[in-house]
Amino acid sequence: MARPSEPSVTNIFSAESRRAFYEAHPWMALFMLVVVFAAPFAGLYVSGLLGVVVGVLVSATAYVLMPLVWKWMGG
């Protein structure tokens with residue numbers, strides 16, 4: 001059984017494990033807030049409405065997958 005402070009691949013996608021990750025890494029939470037809000041505007045600037053949609057999808061994916069990537073990198 002994995003402890004909540006050390007999420008496994010199976011429970012990394014739960015809201016509780018994401019919250020625990022971002023509470024343990026406040027600078028990463030701030031960075032992800034900037035990414036989540038800036039990516040749609042960057043997409044709008046680069047390619048219009050399609051860029052907004054792609055920016056929202058990319059930022060949401062980054063927010064969800066960041067704990068898994070952080071664990072994979074050894075952090």
# chains A, B, ... in the order shown; residues from 1 in each chain; ligands from 1
$ select_by_dssp --residues "segment 4-66 of chain A" --states "helix (DSSP H, G or I)" --output "PyMOL selection string"
chain A and resi 15-24+26-47+49-66
$ residues_around --residues "Val64 of chain A" --least-positions-apart "4" --cutoff "12 Å" --atoms "only C-alpha atoms" --output "list of chain:residue names"
A:Asn11, A:Ile12, A:Phe13, A:Ser14, A:Ala15, A:Glu16, A:Ser17, A:Arg18, A:Arg19, A:Phe21, A:Tyr22, A:Ala29, A:Met32, A:Val36, A:Leu57, A:Val58, A:Ser59, A:Ala60, A:Leu68, A:Val69, A:Trp70
$ atom_distance --atom1 "atom CA of Gly51 of chain A" --atom2 "atom CA of Val35 of chain A"
14.4 Å
$ atom_distance --atom1 "atom CA of Ala20 of chain A" --atom2 "atom CA of Val34 of chain A"
19.1 Å
$ residues_around --residues "Val54 of chain A" --least-positions-apart "6" --cutoff "12 Å" --atoms "only C-alpha atoms" --output "short mmCIF file (atom, residue, chain, number, x, y, z; two decimals) with N, CA and C atoms, in the first residue's frame"
data_model
loop_
_atom_site.label_atom_id
_atom_site.label_comp_id
_atom_site.auth_asym_id
_atom_site.auth_seq_id
_atom_site.Cartn_x
_atom_site.Cartn_y
_atom_site.Cartn_z
N VAL A 36 -1.35 27.57 -16.10
CA VAL A 36 -2.77 27.32 -16.37
C VAL A 36 -3.46 28.58 -16.88
N ALA A 39 -1.32 29.89 -20.58
CA ALA A 39 -1.33 29.08 -21.80
C ALA A 39 -2.49 29.43 -22.74
N PRO A 40 -3.72 29.59 -22.27
CA PRO A 40 -4.79 29.97 -23.21
C PRO A 40 -4.56 31.33 -23.86
N PHE A 41 -4.03 32.29 -23.09
CA PHE A 41 -3.77 33.61 -23.67
C PHE A 41 -2.63 33.55 -24.68
N ALA A 42 -1.63 32.74 -24.40
CA ALA A 42 -0.55 32.55 -25.37
C ALA A 42 -1.09 31.90 -26.63
N GLY A 43 -1.97 30.93 -26.49
CA GLY A 43 -2.59 30.30 -27.65
C GLY A 43 -3.44 31.27 -28.44
N LEU A 44 -4.15 32.15 -27.76
CA LEU A 44 -4.95 33.17 -28.43
C LEU A 44 -4.07 34.11 -29.23
N VAL A 46 -1.07 33.47 -30.44
CA VAL A 46 -0.37 32.77 -31.52
C VAL A 46 -1.30 32.36 -32.64
N SER A 47 -2.45 31.76 -32.30
CA SER A 47 -3.25 31.20 -33.38
C SER A 47 -4.76 31.34 -33.21
N GLY A 48 -5.22 32.24 -32.40
CA GLY A 48 -6.66 32.49 -32.30
C GLY A 48 -7.38 31.50 -31.43
N ALA A 60 -4.29 22.04 -18.61
CA ALA A 60 -4.98 21.09 -17.74
C ALA A 60 -4.20 19.78 -17.65
N THR A 61 -3.67 19.33 -18.77
CA THR A 61 -2.86 18.11 -18.77
C THR A 61 -1.60 18.28 -17.93
#
$ atom_distance --atom1 "atom CA of Ala62 of chain A" --atom2 "atom CA of Leu30 of chain A"
13.2 Å
